[in-house]
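**Q** I am sharing structure-v8.txt, which consists of compact mmCIF, C-alpha atoms and all ligand atoms:
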# COMPACT_ATOMS: atom_id res chain seq x y z
CA MET A 16 -11.15 -11.04 -13.21
CA THR A 17 -8.06 -8.95 -13.76
CA PHE A 18 -8.34 -5.23 -14.43
CA LEU A 19 -5.18 -5.22 -16.54
CA PRO A 20 -5.76 -4.40 -20.21
CA ASP A 21 -5.22 -7.37 -22.56
CA GLN A 22 -1.56 -7.96 -23.33
CA TRP A 23 -0.45 -5.11 -21.05
CA THR A 24 3.29 -5.12 -20.64
CA PRO A 25 5.07 -2.32 -18.83
CA GLN A 26 7.73 -0.22 -20.47
CA SER A 27 11.04 -0.71 -18.66
CA ASP A 28 11.00 3.01 -17.77
CA ALA A 29 7.27 3.14 -16.98
CA LEU A 30 7.88 4.98 -13.71
CA ALA A 31 10.91 7.10 -14.68
CA GLY A 32 10.77 10.54 -13.10
CA LYS A 33 8.13 9.50 -10.58
CA THR A 34 8.49 9.58 -6.81
CA ILE A 35 6.41 6.98 -4.96
CA LEU A 36 5.99 6.49 -1.22
CA ILE A 37 5.27 2.95 -0.01
CA THR A 38 4.22 2.13 3.54
CA GLY A 39 5.32 -1.22 4.96
CA ALA A 40 8.11 -1.25 2.39
CA GLY A 41 10.44 -3.52 4.34
CA ASP A 42 8.73 -6.85 3.85
CA GLY A 43 6.16 -8.84 1.91
CA ILE A 44 4.10 -7.08 -0.73
CA GLY A 45 5.43 -3.61 0.14
CA LYS A 46 9.03 -4.73 -0.35
CA ALA A 47 8.21 -6.36 -3.68
CA ALA A 48 6.37 -3.22 -4.79
CA ALA A 49 9.27 -0.97 -3.80
CA LEU A 50 11.78 -3.11 -5.73
CA THR A 51 9.47 -3.32 -8.74
CA PHE A 52 8.82 0.42 -8.84
CA ALA A 53 12.54 1.14 -8.53
CA ARG A 54 13.32 -1.34 -11.31
CA HIS A 55 10.98 0.67 -13.55
CA GLY A 56 12.72 3.94 -12.86
CA ALA A 57 10.93 5.38 -9.83
CA GLU A 58 12.50 7.10 -6.87
CA VAL A 59 10.92 5.22 -3.96
CA LEU A 60 10.40 6.46 -0.43
CA LEU A 61 10.49 3.50 1.91
CA LEU A 62 8.34 3.90 5.02
CA GLY A 63 8.25 1.16 7.63
CA ARG A 64 8.79 0.42 11.28
CA THR A 65 11.86 -1.86 11.09
CA GLU A 66 14.81 0.19 9.89
CA ALA A 67 17.05 -2.80 9.17
CA LYS A 68 14.50 -4.14 6.69
CA LEU A 69 14.25 -0.76 4.95
CA ASP A 70 18.05 -0.61 4.79
CA ALA A 71 18.12 -4.02 3.08
CA VAL A 72 15.62 -2.85 0.45
CA TYR A 73 17.65 0.35 0.00
CA ASP A 74 20.85 -1.69 -0.51
CA THR A 75 19.22 -3.93 -3.11
CA ILE A 76 17.91 -0.95 -5.11
CA VAL A 77 21.26 0.81 -5.04
CA ALA A 78 23.11 -2.41 -5.96
CA GLU A 79 20.79 -2.82 -8.94
CA GLY A 80 21.55 0.71 -10.13
CA GLY A 81 18.16 2.18 -9.25
CA VAL A 82 17.51 5.76 -8.19
CA GLU A 83 18.69 6.19 -4.60
CA PRO A 84 15.65 5.63 -2.37
CA GLY A 85 14.61 7.59 0.68
CA ILE A 86 14.14 5.83 4.02
CA ILE A 87 11.44 6.92 6.46
CA PRO A 88 11.58 4.80 9.63
CA THR A 89 8.12 5.27 11.12
CA ASP A 90 5.91 3.20 13.38
CA LEU A 91 2.41 3.94 12.12
CA ALA A 92 1.00 2.66 15.41
CA GLN A 93 2.58 5.67 17.12
CA VAL A 94 2.07 8.53 14.69
CA GLY A 95 -0.38 11.40 15.04
CA HIS A 96 -1.44 14.24 12.79
CA ASP A 97 1.36 16.62 13.88
CA HIS A 98 4.06 14.01 13.28
CA LEU A 99 2.83 13.34 9.74
CA ILE A 100 2.44 17.02 8.89
CA ALA A 101 6.06 17.51 10.03
CA LEU A 102 7.14 14.50 7.93
CA ALA A 103 5.42 15.95 4.86
CA GLY A 104 7.12 19.28 5.55
CA GLU A 105 10.53 17.60 5.67
CA LEU A 106 9.83 15.72 2.44
CA ALA A 107 8.78 18.93 0.73
CA THR A 108 12.27 20.34 1.27
CA SER A 109 13.76 17.68 -1.02
CA ILE A 110 10.96 16.65 -3.38
CA HIS A 111 8.42 19.03 -4.86
CA LYS A 112 5.88 16.47 -6.02
CA LEU A 113 4.67 13.00 -5.13
CA ASP A 114 3.43 10.85 -8.01
CA GLY A 115 2.36 7.78 -6.08
CA LEU A 116 1.31 6.68 -2.63
CA LEU A 117 0.87 2.99 -1.82
CA HIS A 118 -0.82 2.41 1.50
CA ASN A 119 0.35 -1.13 2.14
CA ALA A 120 1.33 -1.47 5.82
CA SER A 121 -1.25 -3.28 7.91
CA LEU A 122 -1.61 -5.06 11.20
CA LEU A 123 -3.44 -8.39 11.25
CA GLY A 124 -4.45 -8.21 14.91
CA ASP A 125 -6.27 -11.03 16.65
CA ARG A 126 -8.01 -13.84 14.78
CA LYS A 127 -10.77 -14.22 17.38
CA PRO A 128 -14.52 -13.79 17.73
CA LEU A 129 -15.51 -10.16 18.28
CA ALA A 130 -16.77 -11.19 21.71
CA GLN A 131 -13.17 -11.91 22.73
CA THR A 132 -11.40 -9.18 20.78
CA SER A 133 -9.24 -6.89 22.90
CA ALA A 134 -10.33 -3.26 22.67
CA ALA A 135 -6.71 -2.12 22.88
CA LEU A 136 -5.69 -4.26 19.90
CA TRP A 137 -8.81 -3.15 17.99
CA HIS A 138 -7.69 0.47 18.39
CA GLN A 139 -4.15 -0.40 17.29
CA VAL A 140 -5.39 -2.15 14.15
CA MET A 141 -7.59 0.85 13.30
CA GLN A 142 -4.68 3.22 13.95
CA VAL A 143 -2.25 1.40 11.64
CA ASN A 144 -4.70 0.27 8.93
CA VAL A 145 -7.06 3.25 8.74
CA ASN A 146 -6.24 6.30 10.87
CA SER A 147 -2.60 6.58 9.84
CA ALA A 148 -3.56 6.11 6.16
CA PHE A 149 -6.08 8.95 6.43
CA MET A 150 -3.62 11.26 8.19
CA LEU A 151 -0.72 10.42 5.86
CA THR A 152 -2.86 10.98 2.77
CA GLN A 153 -4.07 14.31 4.11
CA ALA A 154 -0.52 15.42 4.93
CA LEU A 155 0.77 14.42 1.49
CA LEU A 156 -2.12 15.79 -0.59
CA PRO A 157 -0.41 19.10 -1.40
CA MET A 158 2.55 17.17 -2.86
CA LEU A 159 0.27 14.75 -4.74
CA GLU A 160 -1.48 17.77 -6.24
CA GLN A 161 1.85 18.96 -7.66
CA ALA A 162 2.25 15.80 -9.78
CA PRO A 163 0.90 15.90 -13.34
CA LEU A 164 -0.82 12.55 -12.70
CA ALA A 165 -0.81 11.00 -9.24
CA SER A 166 -2.01 7.60 -8.09
CA VAL A 167 -3.06 6.66 -4.56
CA VAL A 168 -3.56 2.95 -3.92
CA PHE A 169 -5.08 1.61 -0.72
CA THR A 170 -4.54 -2.06 0.08
CA SER A 171 -7.72 -3.95 0.75
CA SER A 172 -8.56 -7.57 1.43
CA GLY A 173 -11.26 -10.09 0.63
CA VAL A 174 -12.52 -9.71 4.21
CA GLY A 175 -12.85 -5.96 3.61
CA ARG A 176 -15.40 -6.61 0.90
CA LYS A 177 -17.36 -9.41 2.58
CA GLY A 178 -17.13 -9.83 6.33
CA ARG A 179 -15.97 -13.16 7.72
CA ALA A 180 -16.10 -14.63 11.22
CA PHE A 181 -12.99 -14.24 13.38
CA TRP A 182 -11.34 -11.59 11.22
CA GLY A 183 -12.32 -8.91 13.75
CA GLY A 184 -10.79 -5.46 13.60
CA TYR A 185 -8.70 -6.32 10.54
CA ALA A 186 -11.80 -7.00 8.42
CA VAL A 187 -13.56 -3.91 9.74
CA SER A 188 -10.46 -1.81 9.07
CA LYS A 189 -10.41 -2.99 5.46
CA PHE A 190 -14.09 -2.03 5.02
CA ALA A 191 -13.10 1.39 6.35
CA THR A 192 -10.20 1.44 3.89
CA GLU A 193 -12.66 0.90 1.04
CA GLY A 194 -14.78 3.76 2.39
CA LEU A 195 -11.78 6.03 2.68
CA MET A 196 -10.83 5.22 -0.91
CA GLN A 197 -14.35 5.86 -2.22
CA VAL A 198 -14.83 9.19 -0.45
CA LEU A 199 -11.39 10.45 -1.47
CA ALA A 200 -11.81 9.28 -5.08
CA ASP A 201 -15.17 11.00 -5.31
CA GLU A 202 -13.80 14.21 -3.84
CA LEU A 203 -10.72 14.33 -6.06
CA GLY A 204 -11.95 12.71 -9.29
CA GLU A 205 -13.39 15.84 -10.87
CA ILE A 206 -11.09 18.47 -9.46
CA SER A 207 -7.59 17.02 -9.52
CA ASN A 208 -5.15 14.82 -11.38
CA ILE A 209 -5.13 12.35 -8.52
CA ARG A 210 -6.75 8.96 -8.99
CA VAL A 211 -7.56 6.80 -5.98
CA ASN A 212 -8.25 3.07 -5.97
CA SER A 213 -8.08 0.05 -3.70
CA LEU A 214 -6.37 -3.21 -4.52
CA ASN A 215 -7.06 -6.58 -2.92
CA PRO A 216 -3.87 -8.62 -3.40
CA GLY A 217 -5.58 -11.98 -2.84
CA ALA A 218 -3.73 -14.76 -1.03
CA ILE A 219 0.02 -14.12 -1.29
CA ASN A 220 2.89 -15.90 0.41
CA THR A 221 4.02 -13.37 3.02
CA ALA A 222 4.59 -13.30 6.78
CA MET A 223 1.05 -12.02 7.30
CA ARG A 224 -0.51 -14.82 5.29
CA ARG A 225 1.61 -17.43 7.07
CA THR A 226 0.49 -16.01 10.43
CA ALA A 227 -3.16 -15.99 9.42
CA TYR A 228 -3.02 -19.54 8.02
CA PRO A 229 -0.30 -21.39 9.98
CA ALA A 230 -1.39 -24.82 8.73
CA GLU A 231 -1.25 -23.85 5.06
CA PRO A 232 1.89 -24.86 3.13
CA PRO A 233 3.54 -21.56 2.08
CA THR A 234 3.90 -22.78 -1.50
CA THR A 235 0.09 -22.81 -1.84
CA ASN A 236 0.13 -19.12 -2.69
CA PRO A 237 2.11 -17.05 -5.18
CA ASP A 238 5.08 -14.98 -4.05
CA PRO A 239 4.48 -11.22 -4.16
CA GLU A 240 6.91 -10.69 -7.05
CA THR A 241 4.78 -12.76 -9.44
CA LEU A 242 1.81 -10.36 -9.24
CA MET A 243 3.60 -7.03 -9.21
CA HIS A 244 2.42 -6.01 -12.70
CA HIS A 245 -0.92 -5.07 -11.07
CA TRP A 246 0.75 -2.60 -8.70
CA LEU A 247 2.98 -1.35 -11.50
CA PHE A 248 0.00 -0.73 -13.79
CA LEU A 249 -1.80 1.26 -11.08
CA MET A 250 1.27 3.45 -10.51
CA SER A 251 1.97 3.94 -14.22
CA ASP A 252 0.23 6.56 -16.36
CA ASP A 253 -1.41 3.67 -18.27
CA SER A 254 -4.01 3.54 -15.47
CA LYS A 255 -4.96 7.18 -15.99
CA GLY A 256 -8.74 7.52 -15.75
CA ILE A 257 -9.26 4.59 -13.38
CA ASN A 258 -10.65 6.14 -10.22
CA GLY A 259 -12.72 4.97 -7.26
CA GLN A 260 -12.43 1.30 -8.17
CA ALA A 261 -12.18 -1.68 -5.81
CA LEU A 262 -9.73 -3.84 -7.76
CA SER A 263 -8.31 -7.32 -7.26
CA ALA A 264 -4.96 -8.76 -8.28
CA GLN A 265 -6.31 -12.31 -8.36
CA SER A 266 -9.71 -13.70 -9.35
P1 LIG A 301 3.50 -8.42 5.88
O1 LIG A 301 3.11 -8.61 7.30
O2 LIG A 301 4.36 -9.42 5.22
O3 LIG A 301 4.11 -6.98 5.67
C1 LIG A 301 3.49 -5.87 6.23
C2 LIG A 301 4.44 -4.72 6.25
O4 LIG A 301 3.81 -3.65 6.98
C3 LIG A 301 5.73 -5.05 7.00
O5 LIG A 301 6.83 -4.49 6.32
C4 LIG A 301 5.52 -4.40 8.35
O6 LIG A 301 6.70 -3.99 8.99
C5 LIG A 301 4.69 -3.19 7.97
N1 LIG A 301 4.00 -2.68 9.14
C6 LIG A 301 3.18 -3.35 9.97
N2 LIG A 301 2.82 -2.58 11.00
C7 LIG A 301 3.44 -1.39 10.81
C8 LIG A 301 3.50 -0.18 11.55
N3 LIG A 301 2.88 -0.05 12.71
N4 LIG A 301 4.22 0.85 11.07
C9 LIG A 301 4.89 0.73 9.92
N5 LIG A 301 4.90 -0.40 9.17
C10 LIG A 301 4.19 -1.44 9.62
O7 LIG A 301 2.08 -8.31 5.11
P2 LIG A 301 1.72 -8.46 3.58
O8 LIG A 301 2.85 -8.05 2.72
O9 LIG A 301 1.08 -9.76 3.40
O10 LIG A 301 0.55 -7.39 3.49
C11 LIG A 301 0.64 -6.19 2.78
C12 LIG A 301 -0.75 -5.66 2.60
O11 LIG A 301 -1.54 -6.58 1.84
C13 LIG A 301 -1.52 -5.45 3.90
O12 LIG A 301 -2.29 -4.28 3.80
C14 LIG A 301 -2.43 -6.66 3.98
O13 LIG A 301 -3.58 -6.39 4.75
C15 LIG A 301 -2.74 -6.87 2.53
N6 LIG A 301 -3.19 -8.21 2.18
C16 LIG A 301 -2.31 -9.27 2.18
C17 LIG A 301 -2.72 -10.52 1.81
C18 LIG A 301 -1.80 -11.70 1.79
O14 LIG A 301 -2.26 -12.82 1.49
N7 LIG A 301 -0.52 -11.54 2.05
C19 LIG A 301 -4.12 -10.76 1.41
C20 LIG A 301 -4.96 -9.61 1.44
C21 LIG A 301 -4.49 -8.38 1.80
P3 LIG A 301 7.70 -5.04 9.71
O15 LIG A 301 8.37 -5.72 8.57
O16 LIG A 301 8.57 -4.18 10.50
O17 LIG A 301 6.82 -5.95 10.51
Take the structure in the file and give it back as structure tokens.
**A**
Amino acid sequence: MTFLPDQWTPQSDALAGKTILITGAGDGIGKAAALTFARHGAEVLLLGRTEAKLDAVYDTIVAEGGVEPGIIPTDLAQVGHDHLIALAGELATSIHKLDGLLHNASLLGDRKPLAQTSAALWHQVMQVNVNSAFMLTQALLPMLEQAPLASVVFTSSGVGRKGRAFWGGYAVSKFATEGLMQVLADELGEISNIRVNSLNPGAINTAMRRTAYPAEPPTTNPDPETLMHHWLFLMSDDSKGINGQALSAQS
């Protein structure tokens, strides 16, 4: 069941004047979100680990006449609290507010029984999918608080809402993501202009999906671009008042 209001269509300038940071912006859903937000007027800050992919997204946005994006090459597997506080400090010298934060980057990890799951990979999945999202949110909160209306979106998964065999650390990390979203939404809902929600994209044709389901024909699932109105709605002021919700882009 979609959470979009009936007949919702975005204004072409729905995100004009907004600055939105997207993690994992170089590929898949994050890339589609960055392009979509820029096409609706946002200044996007592209965070990801492969600089060449971020550069390609940057080039597309500039070629399309969008607001010049920022590029933040960062491997979330390697970052700690101090690094992210320094990053937020650097950002604060050029932007005074952050209107949106899309936590999208994730690591799939091993598709194995827990009995065979490597502890090292488990920690890496938790670091990228949960720990870095917590630390980045904390570092950016002062800038989110400066926005008249800010939206934080965590990316969930079906296996983060109902556990499934062989999804290991990834599934557990997505449950933790839901918890992080709920606690933050409850803390901020009454005292700030920041709304916090999670979004389960559903099956989408990306590199991660193709890795998780190698036998599945890629055309089985929609391309990320076809579902972007959900992400756009959550970043636009039209979703004001929606807070603490576990949402899904597909039924
Ligand atoms: P992709 O693997 O296609 O893209 C993930 C992006 O995250 C890539 O740009 C990748 O960078 C980046 N990333 C991964 N690890 C790191 C890291 N350590 N530091 C910085 N960036 C990193 O995945 P999707 O687009 O499919 O997934 C996006 C989100 O949607 C994820 O949170 C995923 O869990 C969720 N999701 C996806 C579904 C699907 O069917 N596709 C279903 C349910 C949830 P690089 O390009 O350099 O590898």
**Q** Could you check how far CA of Ala48 in chain A sits from CA of Leu60 in chain A, in Å to one decimal?
**A**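 Spanning CA of Ala48 in chain A to CA of Leu60 in chain A is a straight-line distance of 11.4 Å.
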**Q** Enclose ligand LIG 301 (chain A), meaning all of its atoms listed in the file, in a box aligned along x, y and z, pad it by 6 Å on each side, and list the centre and edge lengths in Å to one decimal, as lines of an AutoDock Vina configuration file.
**A**
center_x = 1.8
center_y = -6.0
center_z = 7.1
size_x = 25.5
size_y = 25.7
size_z = 23.3
**Q** Report the closest atom pair, with its distance in Å rounded to one decimal, for each residue of chain A that has an atom no farther than 6 Å from ligand LIG 301 (chain A); count only C-alpha atoms and all ligand atoms, sort by chain and then rising residue number, and write it as a tab-separated table.
**A**
residue	atom	partner	partner_atom	distance
A:Gly39	CA	A:LIG301	O4	3.5
A:Ala40	CA	A:LIG301	O5	5.3
A:Gly41	CA	A:LIG301	O5	4.2
A:Asp42	CA	A:LIG301	O5	3.9
A:Gly43	CA	A:LIG301	O8	3.5
A:Ile44	CA	A:LIG301	O8	3.8
A:Gly45	CA	A:LIG301	O8	5.7
A:Gly63	CA	A:LIG301	N5	4.0
A:Arg64	CA	A:LIG301	C9	4.1
A:Thr65	CA	A:LIG301	O16	4.1
A:Thr89	CA	A:LIG301	C9	5.7
A:Asp90	CA	A:LIG301	N4	3.7
A:Leu91	CA	A:LIG301	N4	3.7
A:Ala92	CA	A:LIG301	N3	4.3
A:Asn119	CA	A:LIG301	O12	4.4
A:Ala120	CA	A:LIG301	O4	3.5
A:Ser121	CA	A:LIG301	O12	4.4
A:Leu122	CA	A:LIG301	N2	5.1
A:Val143	CA	A:LIG301	N3	5.4
A:Thr170	CA	A:LIG301	O12	4.9
A:Ser171	CA	A:LIG301	C21	5.6
A:Ser172	CA	A:LIG301	C20	4.1
A:Asn215	CA	A:LIG301	C21	5.7
A:Pro216	CA	A:LIG301	C20	5.1
A:Gly217	CA	A:LIG301	C19	4.7
A:Ala218	CA	A:LIG301	O14	3.5
A:Ile219	CA	A:LIG301	O14	3.8
A:Asn220	CA	A:LIG301	N7	5.8
A:Thr221	CA	A:LIG301	O2	4.5
A:Ala222	CA	A:LIG301	O2	4.2
A:Met223	CA	A:LIG301	O1	4.0
A:Arg224	CA	A:LIG301	N7	4.6
**Q** Could you jot down the CA of Ala31 in chain A to CA of Gly81 in chain A separation for me, Å, one decimal place?
**A**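 CA of Gly81 in chain A lies at a distance of 10.3 Å from CA of Ala31 in chain A.
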**Q** Nearest to Met243 in chain A: which of A:Lys127, A:Ala264, A:Glu205, A:Ala227 is it, counting only C-alpha atoms?
**A**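 When distances to Met243 in chain A are compared using only C-alpha atoms, the smallest one comes from A:Ala264.
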